[in-house]
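Below: one structure, written as structure tokens.
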Protein chains: 2
Amino acid sequence: MFELKRQEGHRRWGTLTTAHGKIETPFFMPIATKGAVKTLSSADMRELRAQILLSNTYHLLLRPGLEEMKRLGGLHKLMGWDGPILTDSGGYQVFSLSGAKLSARGGSAFGGNKTSEDGVEFQSHIDGARLKLTPELSMEMQSAIGSDIMMQFDDVAAGDSSYERYEEAMERSLRWAKRCKEGKTGQSKLFGIVQGGTYEDLRERSASGLVDIGFDGYAIGGLSVGESREDAYRIVKNLAPSLPGDKPRYFMGGGMPEEIVYYVHQGVDMFDCVLPTRNARHGTLFVWSEDPNLISWDENKADFYSKLHITNETHAFDSSPVDAFCDCMTCKTTSRAYLRHLFSVGEMLALRLATIHNLSFYLRLMLELRK
Amino acid sequence: MFELKRQEGHRRWGTLTTAHGKIETPFFMPIATKGAVKTLSSADMRELRAQILLSNTYHLLLRPGLEEMKRLGGLHKLMGWDGPILTDSGGYQVFSLSGAKLSARGGSAFGGNKTSEDGVEFQSHIDGARLKLTPELSMEMQSAIGSDIMMQFDDVAAGDSSYERYEEAMERSLRWAKRCKEGKTGQSKLFGIVQGGTYEDLRERSASGLVDIGFDGYAIGGLSVGESREDAYRIVKNLAPSLPGDKPRYFMGGGMPEEIVYYVHQGVDMFDCVLPTRNARHGTLFVWSEDPNLISWDENKADFYSKLHITNETHAFDSSPVDAFCDCMTCKTTSRAYLRHLFSVGEMLALRLATIHNLSFYLRLMLELRK
């Protein structure tokens with residue numbers, strides 16, 4: 001159930017109730033692709049006050065596998081995480097991972113994938129095994145995971161596809177959306193994914209088709225894949241407010257902090273992104289420019305933070321924390337000098353401390369946007 | 001100051017007082033080679049109730065460097081660790097690291113090192129830079145680190161050296177020990193290191209020479225380098241009880257849990273070893289065979305634990321903790337099935353969780369031996 005508590009322009013505040021608890025919107029989902037947020041434990045995620053984690057059907061289908069996940073009793077039990085979990089359907093990964101891998105091996109780009117009306121044949125990026133993912137199998141795997149919010153299985157077009165390919169993928173995704181809804185068992189929520197690249201007419205037809213089928217929430221997919229920020233902003237600005245107002249809206253895979261601020265102002269409620277965790281592992285940290293308590297948000301605000309490259313020599317003797325306005329464990333216990341030293345000598349602890357800070361930044365951003 | 005509280009046979013219980021607090025003996029020192037115990041933070045070490053950490057002069061001399069460490073105000077400040085720190089002198093590392101590296105590059109074994117009466121010329125294992133470590137520089141670096149317990153700089157003979165080479169290294173180590181004592185400034189403790197390989201006459205001469213100079217504690221060096229366990233046991237059994245009873249005795253670089261039990265019964269007070277942390281990162285975990293509270297220790301006890309290989313398929317669906325008798329964070333929050341999954345998908349969290357458990361096991365072993 002999604003309860004809208006307040007709205008200002010398109011911007012909105014609400015509560016999403018799942019089998020594993022309520023989530024205040026708008027919110028950000030740290031990514032636990034393979035059953036762990038890279039470098040962090042479930043206890044760490046509780047300490048960071050993450051409301052929900054995102055995990056991935058494709059990766060968990062490969063390891064531990066469908067029958068294994070059933071026998072394990074689901075991901076909540078495996079991870080020791082009792083909060084909500086959303087699962088990506090695997091549509092994006094069979095496109096990006098198995099395709100890219102085969103391409104790197106010298107095959108034709110995405111030649112490892114064979115998409116038919118039934119589903120996608122692909123090769124495991126781990127051992128090259130030939131596998132097939134269908135809407136029904138994706139739903140079965142998401143059920144085995146015990147996902148609180150399942151995503152439909154979708155046909156994902158490459159970022160540089162023709163209009164015709166975007167149209168085909170969008171229409172097939174609609175038919176697969178229907179099969180996902182029919183194949184779903186249990187009380188989990190199921191979200192449809194709006195496709196159509198940067199073409200507004202395709203996006204409209206996709207959204208309308210999904211609303212006709214009826215879902216618990218609507219995601220904007222197929223962005224954050226290399227298109228310009230202007231294109232992404234244009235699509236979201238036109239699309240998000242037109243999605244059903246009584247259902248949560250999820251922008252998939254983005255973005256930078258100012259993009260999230262922009263999308264929140266267009267009425268988006270949910271986000272996930274690898275940027276905070278991936279940047280952290282490369283030593284790039286998000287730092288508040290001012291006390292986040294005092295920021296008055298508007299949709300074009302981008303000066304509220306900066307990126308700090310901790311490996312720079314300028315930090316070598318800096319005994320101040322990464323971020324003076326942050327109360328995360330890293331900022332409470334670690335100087336810039338120490339974090340830089342840990343990166344420079346290659347200690348794994350560096351990645352963990354940086355990840356904690358960047359996730360704390362993103363979660364705090366959402367907390368402030370929820371005020 | 002070392003206060004002996006109780007003795008039974010050669011086995012003894014005491015308290016070692018340092019500038020950063022008291023340590024109950026016998027104790028184990030987790031290894032924070034480059035300023036962090038691999039995968040763990042100083043907060044983690046406090047939670048594990050580590051009494052003291054060991055860090056390394058050689059590694060910190062290369063990065064961040066001597067002048068840099070002075071400017072940083074020492075390792076306690078850098079790490080945010082306010083407990084005691086012992087530092088290895090670098091003698092072992094200039095022998096093992098720079099030598100091994102050059103050997104792997106095709107140079108003659110240990111050909112990168114040039115030992116003279118003054119010190120050891122070596123090549124950095126990081127960038128090949130030509131550097132020289134002397135007793136005086138080792139002391140200066142250990143002072144810059146702010147070490148509570150400094151080790152003398154020693155000449156380390158390879159494990160397969162001739163009697164003559166062992167004798168030369170032992171005698172040079174004695175002369176360097178004197179220079180270390182003369183070069184030391186401040187209130188830190190300084191330990192001498194008994195050398196002499198597996199030759200009891202050399203060990204006796206080494207110990208006697210060190211006692212003549214006078215140190216705050218005596219270490220047994222040059223073991224755990226490939227000799228047989230019988231040889232190591234023989235040396236320690238004869239040597240340890242003959243070292244001054246009013247000073248702490250430190251067995252360097254060992255060992256397996258049953259070896260520590262044996263050495264404690266020979267009157268050794270201090271240990272450090274990479275086994276718990278290195279084994280953890282390879283998925284090998286130490287597990288109690290029985291409630292450690294109930295173990296009655298004797299010097300030949302080896303059946304009180306077993307090694308668990310967490311990546312084995314037998315653990316795939318095991319929802320029990322790694323160790324039913326352990327109260328560490330890993331055992332309180334993580335099933336064998338989850339830890340195995342994390343190892344199998346290559347999550348860094350696996351290394352952290354395993355390290356926490358193995359260190360907890362070693363620290364608990366010492367706690368039980370102190371009862």
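FYI, nothing fancy with the structure tokens labels: chains A, B, ... in order, residues from 1 per chain, ligands from 1 as they appear.
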
List every residue of segment 82-329 of chain B that DSSP, applied to the backbone of this structure, assigns to strand (DSSP E or B), and report them as a PyMOL selection string. chain B and resi 85-88+114-115+120-123+130-133+149-151+189-194+217-220+249-251+254+270-272+284-288+305-309+321

Residues near segment 24-27 of chain B, anyone? I mean within 10 Å using only C-alpha atoms, not counting same-chain ones fewer than 6 positions away, as a VMD selection string. chain B and resid 2 to 5 11 to 17 50 to 52 248 to 250 260 264 267 to 272 362 to 370

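Residue nearest Val120 of chain A within the list A:Ser173, A:Met1, A:Glu140, A:Gly159: A:Ser173 [criterion: smallest interatomic distance, only C-alpha atoms].
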
Do you know which residues are at most 12 Å from Pro30 of chain A counting only C-alpha atoms, after dropping those on the same chain fewer than 2 positions away, and could you put them as a compact mmCIF listing (two decimals) with N, CA and C atoms, in the first residue's frame?
# COMPACT_ATOMS: atom_id res chain seq x y z
N PHE A 27 12.83 7.69 -1.33
CA PHE A 27 13.92 6.94 -0.70
C PHE A 27 14.92 6.43 -1.73
N PHE A 28 16.10 6.08 -1.20
CA PHE A 28 17.20 5.54 -2.00
C PHE A 28 17.49 4.11 -1.54
N ALA A 32 22.56 -4.30 -3.11
CA ALA A 32 23.18 -5.53 -2.61
C ALA A 32 23.06 -6.58 -3.70
N THR A 33 23.76 -6.33 -4.80
CA THR A 33 23.60 -7.12 -6.03
C THR A 33 23.56 -8.62 -5.77
N GLY A 35 23.63 -10.16 -2.82
CA GLY A 35 23.25 -10.52 -1.47
C GLY A 35 24.08 -9.82 -0.42
N ALA A 36 24.82 -8.78 -0.82
CA ALA A 36 25.53 -7.93 0.15
C ALA A 36 25.85 -6.61 -0.55
N VAL A 37 25.69 -5.50 0.15
CA VAL A 37 26.19 -4.24 -0.37
C VAL A 37 27.71 -4.34 -0.31
N LYS A 38 28.38 -4.14 -1.42
CA LYS A 38 29.81 -4.42 -1.49
C LYS A 38 30.55 -3.81 -0.30
N LEU A 40 29.96 -4.24 2.83
CA LEU A 40 29.16 -3.99 4.04
C LEU A 40 28.28 -5.18 4.43
N SER A 41 27.98 -5.24 5.73
CA SER A 41 27.12 -6.29 6.26
C SER A 41 25.71 -5.76 6.47
N SER A 42 24.80 -6.67 6.76
CA SER A 42 23.42 -6.26 7.05
C SER A 42 23.38 -5.39 8.31
N ASP A 44 25.70 -3.33 9.19
CA ASP A 44 26.12 -2.00 8.72
C ASP A 44 24.94 -1.26 8.09
N MET A 45 24.13 -1.96 7.31
CA MET A 45 23.02 -1.31 6.63
C MET A 45 21.98 -0.83 7.64
N ARG A 46 21.80 -1.59 8.72
CA ARG A 46 20.90 -1.13 9.77
C ARG A 46 21.47 0.12 10.43
N LEU A 48 23.34 2.29 9.15
CA LEU A 48 23.20 3.40 8.20
C LEU A 48 21.74 3.82 8.05
N ARG A 49 20.86 3.13 8.69
CA ARG A 49 19.41 3.37 8.62
C ARG A 49 18.88 3.29 7.19
N ALA A 50 19.42 2.35 6.43
CA ALA A 50 18.85 2.07 5.11
C ALA A 50 17.45 1.50 5.33
N GLN A 51 16.47 2.00 4.57
CA GLN A 51 15.11 1.53 4.75
C GLN A 51 14.83 0.25 3.97
N ILE A 52 15.59 0.05 2.89
CA ILE A 52 15.33 -1.05 1.97
C ILE A 52 16.60 -1.31 1.17
N LEU A 53 16.80 -2.55 0.78
CA LEU A 53 17.94 -2.90 -0.08
C LEU A 53 17.44 -3.40 -1.43
N LEU A 54 18.27 -3.25 -2.44
CA LEU A 54 17.95 -3.77 -3.77
C LEU A 54 18.88 -4.93 -4.05
N SER A 55 18.31 -6.05 -4.52
CA SER A 55 19.17 -7.15 -4.94
C SER A 55 18.81 -7.58 -6.36
N ASN A 56 19.52 -8.56 -6.85
CA ASN A 56 19.42 -8.79 -8.29
C ASN A 56 19.14 -10.24 -8.68
N PRO A 84 12.72 -4.43 4.11
CA PRO A 84 12.24 -4.74 2.76
C PRO A 84 13.39 -4.95 1.77
N ILE A 85 13.12 -5.75 0.74
CA ILE A 85 14.05 -5.97 -0.37
C ILE A 85 13.29 -5.79 -1.68
N LEU A 86 13.86 -5.01 -2.57
CA LEU A 86 13.36 -4.93 -3.95
C LEU A 86 14.32 -5.70 -4.83
N THR A 87 13.78 -6.41 -5.82
CA THR A 87 14.67 -7.13 -6.75
C THR A 87 14.46 -6.66 -8.17
N GLY A 253 18.27 3.21 -11.58
CA GLY A 253 19.68 3.28 -11.94
C GLY A 253 20.33 4.66 -11.90
N GLY A 254 19.66 5.64 -11.33
CA GLY A 254 20.27 6.98 -11.28
C GLY A 254 20.05 7.60 -9.93
N MET A 270 11.36 6.81 -5.75
CA MET A 270 12.30 5.74 -5.43
C MET A 270 13.51 5.81 -6.36
N PHE A 271 14.66 5.48 -5.77
CA PHE A 271 15.92 5.55 -6.53
C PHE A 271 16.85 4.39 -6.13
N ASP A 272 17.68 4.02 -7.07
CA ASP A 272 18.80 3.15 -6.76
C ASP A 272 19.93 3.56 -7.67
N CYS A 273 21.16 3.38 -7.23
CA CYS A 273 22.28 3.80 -8.07
C CYS A 273 23.57 3.20 -7.54
N VAL A 274 24.45 2.79 -8.45
CA VAL A 274 25.75 2.28 -8.04
C VAL A 274 26.74 3.41 -7.73
N LEU A 275 26.40 4.66 -8.07
CA LEU A 275 27.37 5.75 -7.94
C LEU A 275 27.97 5.89 -6.54
N PRO A 276 27.18 5.93 -5.48
CA PRO A 276 27.83 6.14 -4.18
C PRO A 276 28.80 5.02 -3.82
N THR A 277 28.43 3.77 -4.08
CA THR A 277 29.30 2.66 -3.70
C THR A 277 30.47 2.51 -4.67
N ARG A 278 30.21 2.64 -5.96
CA ARG A 278 31.31 2.49 -6.93
C ARG A 278 32.31 3.64 -6.81
N THR A 355 32.76 3.56 1.39
CA THR A 355 31.39 3.13 1.04
C THR A 355 30.40 3.57 2.12
N ILE A 356 30.79 3.38 3.37
CA ILE A 356 29.91 3.81 4.46
C ILE A 356 29.62 5.30 4.34
N ASN A 358 29.77 7.36 1.64
CA ASN A 358 28.97 7.74 0.47
C ASN A 358 27.52 7.29 0.59
N LEU A 359 27.31 6.12 1.15
CA LEU A 359 25.91 5.69 1.35
C LEU A 359 25.24 6.58 2.38
N SER A 360 25.99 6.92 3.41
CA SER A 360 25.44 7.82 4.42
C SER A 360 25.03 9.15 3.78
N PHE A 361 25.87 9.64 2.86
CA PHE A 361 25.55 10.89 2.16
C PHE A 361 24.24 10.74 1.37
N TYR A 362 24.11 9.68 0.61
CA TYR A 362 22.90 9.50 -0.21
C TYR A 362 21.66 9.31 0.67
N LEU A 363 21.82 8.55 1.74
CA LEU A 363 20.65 8.32 2.61
C LEU A 363 20.27 9.60 3.33

Could you give me, as CSV, a per-residue list for chain B showing, wherever an atom lies at most 9 Å from an atom of chain A, the closest pair of atoms and their distance in Å to one decimal, using only C-alpha atoms and sorting by chain then residue number from low to high?
residue,atom,partner,partner_atom,distance
B:Lys34,CA,A:Val345,CA,7.1
B:Gly35,CA,A:Leu342,CA,7.8
B:Ala36,CA,A:Glu347,CA,7.4
B:Val37,CA,A:Leu349,CA,8.6
B:Lys38,CA,A:Glu347,CA,6.4
B:Thr39,CA,A:Leu349,CA,4.7
B:Leu40,CA,A:Leu349,CA,5.9
B:Ser41,CA,A:Leu349,CA,6.7
B:Ser42,CA,A:Thr333,CA,8.6
B:Ala43,CA,A:Thr333,CA,8.0
B:Arg63,CA,A:Val345,CA,7.1
B:Pro64,CA,A:His341,CA,7.0
B:Glu68,CA,A:Phe317,CA,8.1
B:Arg71,CA,A:Phe317,CA,7.4
B:Leu72,CA,A:Phe317,CA,6.0
B:Lys77,CA,A:Ser319,CA,9.0
B:Leu78,CA,A:Tyr338,CA,5.5
B:Met79,CA,A:Tyr338,CA,6.4
B:Gly80,CA,A:Thr333,CA,6.8
B:Ala316,CA,A:Leu72,CA,8.5
B:Phe317,CA,A:Leu72,CA,6.0
B:Asp318,CA,A:Leu72,CA,8.6
B:Ser319,CA,A:Leu78,CA,8.1
B:Thr333,CA,A:Gly80,CA,6.8
B:Thr334,CA,A:Gly80,CA,7.0
B:Ser335,CA,A:Leu78,CA,7.4
B:Ala337,CA,A:Leu78,CA,7.2
B:Tyr338,CA,A:Leu78,CA,5.5
B:His341,CA,A:Pro64,CA,7.0
B:Leu342,CA,A:Ala36,CA,7.8
B:Ser344,CA,A:Arg63,CA,8.0
B:Val345,CA,A:Arg63,CA,7.1
B:Glu347,CA,A:Lys38,CA,6.4
B:Met348,CA,A:Thr39,CA,5.2
B:Leu349,CA,A:Thr39,CA,4.7
B:Ala350,CA,A:Thr39,CA,8.4
B:Arg352,CA,A:Thr39,CA,8.2
B:Leu353,CA,A:Ser41,CA,8.6

Distance query Phe153 of chain B at most 8 Å, only C-alpha atoms, self and fewer than 2 positions along chain excluded, as a PyMOL selection string: chain B and resi 89-91+134-135+138-139+151+155+173+176-177+180

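Counting only C-alpha atoms, the residue from A:Asp148, A:Gly197, A:Asp154, A:Glu136 that sits nearest to Gln93 of chain A is A:Asp154.
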
List as a ChimeraX atom specification the protein and nucleic acid residues near His10 of chain A, meaning an atom at most 8 Å away when only C-alpha atoms are counted, but skip any in the same chain fewer than 2 places from it. /A:7-8,12,241,265-267

Write the residues of the preceding selection, restricted to N, CA and C atoms, as an mmCIF file, in the first residue's frame.
data_model
loop_
_atom_site.group_PDB
_atom_site.id
_atom_site.type_symbol
_atom_site.label_atom_id
_atom_site.label_comp_id
_atom_site.auth_asym_id
_atom_site.auth_seq_id
_atom_site.Cartn_x
_atom_site.Cartn_y
_atom_site.Cartn_z
ATOM 1 N N GLN A 7 1.832 16.803 -0.972
ATOM 2 C CA GLN A 7 2.318 17.080 -2.319
ATOM 3 C C GLN A 7 2.512 18.583 -2.473
ATOM 4 N N GLU A 8 3.610 18.961 -3.136
ATOM 5 C CA GLU A 8 3.879 20.383 -3.443
ATOM 6 C C GLU A 8 4.351 20.428 -4.874
ATOM 7 N N ARG A 12 6.415 15.029 -3.830
ATOM 8 C CA ARG A 12 5.479 14.383 -2.923
ATOM 9 C C ARG A 12 6.179 13.599 -1.821
ATOM 10 N N PRO A 241 4.998 12.848 -13.867
ATOM 11 C CA PRO A 241 3.730 13.349 -13.321
ATOM 12 C C PRO A 241 2.508 12.683 -13.941
ATOM 13 N N HIS A 265 11.662 16.412 -7.601
ATOM 14 C CA HIS A 265 10.775 17.531 -7.913
ATOM 15 C C HIS A 265 9.821 17.221 -9.061
ATOM 16 N N GLN A 266 10.110 16.172 -9.828
ATOM 17 C CA GLN A 266 9.170 15.753 -10.889
ATOM 18 C C GLN A 266 8.211 14.686 -10.373
ATOM 19 N N GLY A 267 8.298 14.376 -9.073
ATOM 20 C CA GLY A 267 7.348 13.433 -8.500
ATOM 21 C C GLY A 267 7.828 11.994 -8.447
#

In segment 79-157 of chain A, DSSP helix (DSSP H, G or I) residues written as a PDB file with C-alpha atoms, in the first residue's frame:
ATOM      1  CA  MET A  79      21.494 -12.100   4.660  1.00  0.00           C
ATOM      2  CA  GLY A  91      16.196  -7.969 -17.790  1.00  0.00           C
ATOM      3  CA  TYR A  92      18.905  -5.339 -17.660  1.00  0.00           C
ATOM      4  CA  GLN A  93      21.651  -7.772 -16.622  1.00  0.00           C
ATOM      5  CA  VAL A  94      21.064 -10.407 -19.301  1.00  0.00           C
ATOM      6  CA  PHE A  95      21.369  -7.496 -21.711  1.00  0.00           C
ATOM      7  CA  SER A  96      24.391  -5.740 -20.213  1.00  0.00           C
ATOM      8  CA  LEU A  97      26.448  -8.440 -18.522  1.00  0.00           C
ATOM      9  CA  SER A  98      26.256 -11.531 -20.668  1.00  0.00           C
ATOM     10  CA  GLY A  99      26.216  -9.406 -23.825  1.00  0.00           C
ATOM     11  CA  ALA A 100      29.188  -7.270 -22.864  1.00  0.00           C
ATOM     12  CA  LYS A 101      31.171 -10.303 -21.795  1.00  0.00           C
ATOM     13  CA  LEU A 102      30.679 -12.089 -25.073  1.00  0.00           C
ATOM     14  CA  SER A 103      31.451  -8.953 -26.981  1.00  0.00           C
ATOM     15  CA  ALA A 104      34.746  -8.633 -25.133  1.00  0.00           C
ATOM     16  CA  PRO A 135       9.136 -13.536 -17.426  1.00  0.00           C
ATOM     17  CA  GLU A 136       7.888 -16.637 -15.614  1.00  0.00           C
ATOM     18  CA  LEU A 137      11.348 -17.720 -14.439  1.00  0.00           C
ATOM     19  CA  SER A 138      12.161 -14.186 -13.307  1.00  0.00           C
ATOM     20  CA  MET A 139       8.994 -14.159 -11.200  1.00  0.00           C
ATOM     21  CA  GLU A 140       9.748 -17.607  -9.802  1.00  0.00           C
ATOM     22  CA  MET A 141      13.268 -16.507  -8.860  1.00  0.00           C
ATOM     23  CA  GLN A 142      12.039 -13.267  -7.305  1.00  0.00           C
ATOM     24  CA  SER A 143       9.530 -15.325  -5.301  1.00  0.00           C
ATOM     25  CA  ALA A 144      12.322 -17.655  -4.189  1.00  0.00           C
ATOM     26  CA  ILE A 145      14.323 -14.623  -3.083  1.00  0.00           C
TER      27      ILE A 145
END

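In this model, the gap between atom CA of Met252 of chain B and atom CA of Lys237 of chain B comes to 14.8 Å.
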